[in-house]
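These notes concern the structure reproduced below.
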Amino acid sequence: MKLQGAEATVEIKEDKVIKERPRKNYRHPKLDQRIRKQRTNAELNNIRKALRNGINVPQTGQKNDYILEIQKIEGETLEENFRPEAMKQVGENVEKLHEAGLIHGDLTTKNIMFDGEKIYLIDFGLSKDSKKTEDHAVDLHLLKQILDSSHPEHFKQAWNNFLSSYTPEFQDKVLKRLEEIEERGRYK
Ligand SMILES: Nc1ncnc2c1ncn2[C@@H]1O[C@H](COP(=O)(O)OP(=O)(O)O)[C@@H](O)[C@H]1O
Ligand SMILES: [Mg+2]
């Protein structure tokens, strides 16, 4: 099965996942190569940094400048099969990610998988280094909006489960900022 994203194609094979950034013909070839290589490297580096910090992400290697070989998670995305009880683990992993100074950048239920036991954060294509409370809160803001719009019947329980694993220090800082972001959104 091959999935076509905005920037990459993802092929789900028997035992692995191949994520490739194909050529974009509207870009100058030299620039195109540089961008694809840089984004592929950035994704790999961020996945590895997450791994080193004990976050559940698939093992990932590099096939060439534009292709990552990713451990296949035998499960479903939370978008395909939403499991409110899995949100506690999501909270633990997202907090660890932020403590490690990384943001995910696209924290939707499409980018979280569950194998029946563990959750995995996938798709580090928009991930970057950041220790800023604002950036951490923006990660949470997107997730919260997706939960509210895509899984409204589970929203309350899911969000409570997500927050239940957060340490008080983190709750204080990030949740306060999240409230501010929500306020800004309301009055825009
Ligand atoms: N390691 C994996 N194991 C199983 N399925 C995966 C894995 N990585 C990605 N997928 C599936 O492919 C989809 C697209 O992959 P993703 O890395 O999110 O690419 P994109 O950047 O195009 O969103 C995911 O939403 C998921 O359904
Ligand atoms: Mg994705």
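The chains in the structure tokens are called A, B, ... from first to last as shown; in each chain the residues are counted from 1, and the ligands are counted from 1 in the order shown.
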
Worksheet item: Quick one: residues within 7 Å of ligand 2, with only C-alpha atoms and all ligand atoms, as JSON, numbers by chain?
Response: {"A": [110, 111, 123]}

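Within stretch 51-172 of chain A, DSSP run on the backbone puts these residues in strand (DSSP E or B): Thr60, Gly61, Gln62, Lys63, Asn64, Ile67, Leu68, Glu69, Ile70, Gln71, Glu76, Thr77, Leu102, Ile103, Ile112, Met113, Phe114, Ile119, Tyr120, Leu121, Lys128 and Asp129 of chain A.
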
Worksheet entry | Surroundings of ligand 1 up to 8 Å, based on only C-alpha atoms and all ligand atoms, as an MDAnalysis selection string | chainID A and resid 3:12 16:17 19 58 70:77 110:113 122:125

Output file for the residues above (N, CA, C and O atoms, as a tab-separated table (two decimals), in the first residue's frame):
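Ended up saving to out08.tsv:
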```tsv
chain	number	residue	atom	x	y	z
A	3	LEU	N	0.95	5.45	0.23
A	3	LEU	CA	0.21	6.64	0.59
A	3	LEU	C	0.95	7.86	0.10
A	3	LEU	O	2.17	7.96	0.23
A	4	GLN	N	0.20	8.78	-0.48
A	4	GLN	CA	0.82	9.99	-1.02
A	4	GLN	C	0.52	11.17	-0.10
A	4	GLN	O	-0.63	11.58	0.02
A	5	GLY	N	1.55	11.67	0.56
A	5	GLY	CA	1.36	12.85	1.40
A	5	GLY	C	1.75	14.11	0.64
A	5	GLY	O	2.07	14.05	-0.55
A	6	ALA	N	1.72	15.23	1.32
A	6	ALA	CA	2.04	16.49	0.67
A	6	ALA	C	3.48	16.50	0.19
A	6	ALA	O	3.81	17.05	-0.86
A	7	GLU	N	4.33	15.85	0.95
A	7	GLU	CA	5.76	15.99	0.73
A	7	GLU	C	6.45	14.66	0.49
A	7	GLU	O	7.48	14.59	-0.16
A	8	ALA	N	5.85	13.61	1.05
A	8	ALA	CA	6.50	12.29	0.99
A	8	ALA	C	5.50	11.23	0.55
A	8	ALA	O	4.30	11.41	0.69
A	9	THR	N	6.06	10.14	0.00
A	9	THR	CA	5.23	8.96	-0.21
A	9	THR	C	5.60	7.95	0.85
A	9	THR	O	6.78	7.85	1.22
A	10	VAL	N	4.60	7.26	1.37
A	10	VAL	CA	4.84	6.28	2.41
A	10	VAL	C	4.33	4.94	1.93
A	10	VAL	O	3.15	4.81	1.58
A	11	GLU	N	5.23	3.98	1.84
A	11	GLU	CA	4.85	2.66	1.37
A	11	GLU	C	4.87	1.70	2.56
A	11	GLU	O	5.89	1.55	3.21
A	12	ILE	N	3.71	1.09	2.80
A	12	ILE	CA	3.61	0.14	3.91
A	12	ILE	C	3.88	-1.25	3.35
A	12	ILE	O	3.09	-1.78	2.57
A	16	LYS	N	8.17	-3.55	6.84
A	16	LYS	CA	8.74	-2.22	7.10
A	16	LYS	C	7.97	-1.15	6.34
A	16	LYS	O	7.11	-1.45	5.51
A	17	VAL	N	8.31	0.07	6.65
A	17	VAL	CA	7.67	1.21	6.01
A	17	VAL	C	8.76	2.03	5.33
A	17	VAL	O	9.81	2.29	5.92
A	19	LYS	N	9.63	5.55	3.61
A	19	LYS	CA	9.17	6.94	3.44
A	19	LYS	C	10.15	7.67	2.55
A	19	LYS	O	11.32	7.82	2.89
A	58	PRO	N	9.16	4.47	16.16
A	58	PRO	CA	9.70	3.30	15.46
A	58	PRO	C	11.20	3.46	15.17
A	58	PRO	O	11.66	4.57	14.88
A	70	ILE	N	11.66	2.51	7.97
A	70	ILE	CA	11.07	2.66	9.30
A	70	ILE	C	10.46	1.34	9.76
A	70	ILE	O	9.81	0.64	8.97
A	71	GLN	N	10.68	1.05	11.02
A	71	GLN	CA	10.07	-0.14	11.62
A	71	GLN	C	8.55	-0.04	11.46
A	71	GLN	O	7.95	0.98	11.77
A	72	LYS	N	7.94	-1.11	11.00
A	72	LYS	CA	6.50	-1.10	10.84
A	72	LYS	C	5.83	-1.35	12.20
A	72	LYS	O	6.17	-2.32	12.88
A	73	ILE	N	4.92	-0.49	12.55
A	73	ILE	CA	4.15	-0.69	13.77
A	73	ILE	C	2.92	-1.51	13.41
A	73	ILE	O	2.13	-1.12	12.54
A	74	GLU	N	2.77	-2.65	14.06
A	74	GLU	CA	1.63	-3.52	13.78
A	74	GLU	C	0.46	-3.04	14.60
A	74	GLU	O	0.24	-3.47	15.73
A	75	GLY	N	-0.27	-2.13	14.02
A	75	GLY	CA	-1.41	-1.59	14.75
A	75	GLY	C	-2.14	-0.61	13.86
A	75	GLY	O	-2.05	-0.67	12.64
A	76	GLU	N	-2.86	0.30	14.50
A	76	GLU	CA	-3.63	1.28	13.75
A	76	GLU	C	-3.34	2.66	14.29
A	76	GLU	O	-2.93	2.82	15.44
A	77	THR	N	-3.58	3.66	13.45
A	77	THR	CA	-3.46	5.02	13.97
A	77	THR	C	-4.67	5.28	14.89
A	77	THR	O	-5.71	4.62	14.77
A	110	LYS	N	-3.63	11.02	13.32
A	110	LYS	CA	-3.05	10.28	12.18
A	110	LYS	C	-1.60	9.91	12.45
A	110	LYS	O	-1.06	9.00	11.82
A	111	ASN	N	-0.95	10.69	13.32
A	111	ASN	CA	0.48	10.51	13.57
A	111	ASN	C	0.77	9.86	14.91
A	111	ASN	O	1.88	9.97	15.44
A	112	ILE	N	-0.24	9.18	15.44
A	112	ILE	CA	-0.05	8.40	16.66
A	112	ILE	C	-0.60	7.00	16.38
A	112	ILE	O	-1.74	6.86	15.92
A	113	MET	N	0.21	5.98	16.63
A	113	MET	CA	-0.26	4.61	16.40
A	113	MET	C	-0.35	3.86	17.71
A	113	MET	O	0.34	4.17	18.68
A	122	ILE	N	4.64	8.84	15.46
A	122	ILE	CA	5.25	8.69	14.14
A	122	ILE	C	5.26	10.03	13.42
A	122	ILE	O	4.66	11.00	13.90
A	123	ASP	N	5.90	10.08	12.27
A	123	ASP	CA	5.91	11.25	11.39
A	123	ASP	C	6.59	12.47	12.02
A	123	ASP	O	5.93	13.41	12.46
A	124	PHE	N	7.90	12.45	12.02
A	124	PHE	CA	8.67	13.57	12.56
A	124	PHE	C	9.08	14.56	11.45
A	124	PHE	O	10.08	15.26	11.58
A	125	GLY	N	8.29	14.59	10.39
A	125	GLY	CA	8.58	15.45	9.25
A	125	GLY	C	8.56	16.93	9.58
A	125	GLY	O	9.20	17.73	8.91
```

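With distances taken over only C-alpha atoms, A:Arg83 is the one residue among A:Arg83, A:Lys63, A:Lys30, A:Lys188 lying closest to A:Asp115.
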
Worksheet item: Any idea what's packed within 8 Å of A:Leu147, counting only C-alpha atoms, ignoring anything in its chain fewer than 6 positions away? Could you give it as a PyMOL selection string?
Response: chain A and resi 109+154-155+158-159

File dump, residues just selected, all heavy atoms, as a PDB file, in the first residue's frame:
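The resulting file, selection_26.pdb, is reproduced below:
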```pdb
ATOM      1  N   THR A 109      -4.086  12.706  15.405  1.00  0.00           N
ATOM      2  CA  THR A 109      -4.321  11.281  15.657  1.00  0.00           C
ATOM      3  C   THR A 109      -3.865  10.408  14.476  1.00  0.00           C
ATOM      4  O   THR A 109      -3.715   9.202  14.630  1.00  0.00           O
ATOM      5  CB  THR A 109      -5.799  11.012  15.997  1.00  0.00           C
ATOM      6  OG1 THR A 109      -6.641  11.724  15.077  1.00  0.00           O
ATOM      7  CG2 THR A 109      -6.125  11.480  17.406  1.00  0.00           C
ATOM      8  N   HIS A 154     -15.386  11.270  22.411  1.00  0.00           N
ATOM      9  CA  HIS A 154     -14.376  10.816  23.374  1.00  0.00           C
ATOM     10  C   HIS A 154     -13.581  11.969  23.962  1.00  0.00           C
ATOM     11  O   HIS A 154     -12.690  11.745  24.770  1.00  0.00           O
ATOM     12  CB  HIS A 154     -13.360   9.898  22.679  1.00  0.00           C
ATOM     13  CG  HIS A 154     -13.946   8.630  22.160  1.00  0.00           C
ATOM     14  ND1 HIS A 154     -14.615   7.743  22.973  1.00  0.00           N
ATOM     15  CD2 HIS A 154     -13.948   8.092  20.918  1.00  0.00           C
ATOM     16  CE1 HIS A 154     -15.009   6.719  22.235  1.00  0.00           C
ATOM     17  NE2 HIS A 154     -14.622   6.907  20.996  1.00  0.00           N
ATOM     18  N   PHE A 155     -13.904  13.196  23.505  1.00  0.00           N
ATOM     19  CA  PHE A 155     -13.006  14.310  23.802  1.00  0.00           C
ATOM     20  C   PHE A 155     -12.669  14.469  25.281  1.00  0.00           C
ATOM     21  O   PHE A 155     -11.504  14.534  25.677  1.00  0.00           O
ATOM     22  CB  PHE A 155     -13.559  15.627  23.243  1.00  0.00           C
ATOM     23  CG  PHE A 155     -12.730  16.802  23.673  1.00  0.00           C
ATOM     24  CD1 PHE A 155     -11.480  17.005  23.122  1.00  0.00           C
ATOM     25  CD2 PHE A 155     -13.171  17.669  24.658  1.00  0.00           C
ATOM     26  CE1 PHE A 155     -10.687  18.069  23.531  1.00  0.00           C
ATOM     27  CE2 PHE A 155     -12.383  18.732  25.078  1.00  0.00           C
ATOM     28  CZ  PHE A 155     -11.142  18.926  24.512  1.00  0.00           C
ATOM     29  N   ALA A 158     -10.644  11.646  26.751  1.00  0.00           N
ATOM     30  CA  ALA A 158      -9.332  11.583  26.088  1.00  0.00           C
ATOM     31  C   ALA A 158      -8.417  12.684  26.614  1.00  0.00           C
ATOM     32  O   ALA A 158      -7.252  12.440  26.942  1.00  0.00           O
ATOM     33  CB  ALA A 158      -9.508  11.714  24.576  1.00  0.00           C
ATOM     34  N   TRP A 159      -8.943  13.881  26.713  1.00  0.00           N
ATOM     35  CA  TRP A 159      -8.104  15.008  27.150  1.00  0.00           C
ATOM     36  C   TRP A 159      -7.722  14.848  28.618  1.00  0.00           C
ATOM     37  O   TRP A 159      -6.572  15.099  29.005  1.00  0.00           O
ATOM     38  CB  TRP A 159      -8.818  16.339  26.874  1.00  0.00           C
ATOM     39  CG  TRP A 159      -7.932  17.525  27.078  1.00  0.00           C
ATOM     40  CD1 TRP A 159      -8.064  18.485  28.034  1.00  0.00           C
ATOM     41  CD2 TRP A 159      -6.755  17.876  26.329  1.00  0.00           C
ATOM     42  NE1 TRP A 159      -7.054  19.410  27.933  1.00  0.00           N
ATOM     43  CE2 TRP A 159      -6.236  19.058  26.889  1.00  0.00           C
ATOM     44  CE3 TRP A 159      -6.102  17.298  25.237  1.00  0.00           C
ATOM     45  CZ2 TRP A 159      -5.076  19.679  26.394  1.00  0.00           C
ATOM     46  CZ3 TRP A 159      -4.950  17.913  24.750  1.00  0.00           C
ATOM     47  CH2 TRP A 159      -4.456  19.083  25.327  1.00  0.00           C
TER      48      TRP A 159
END
```
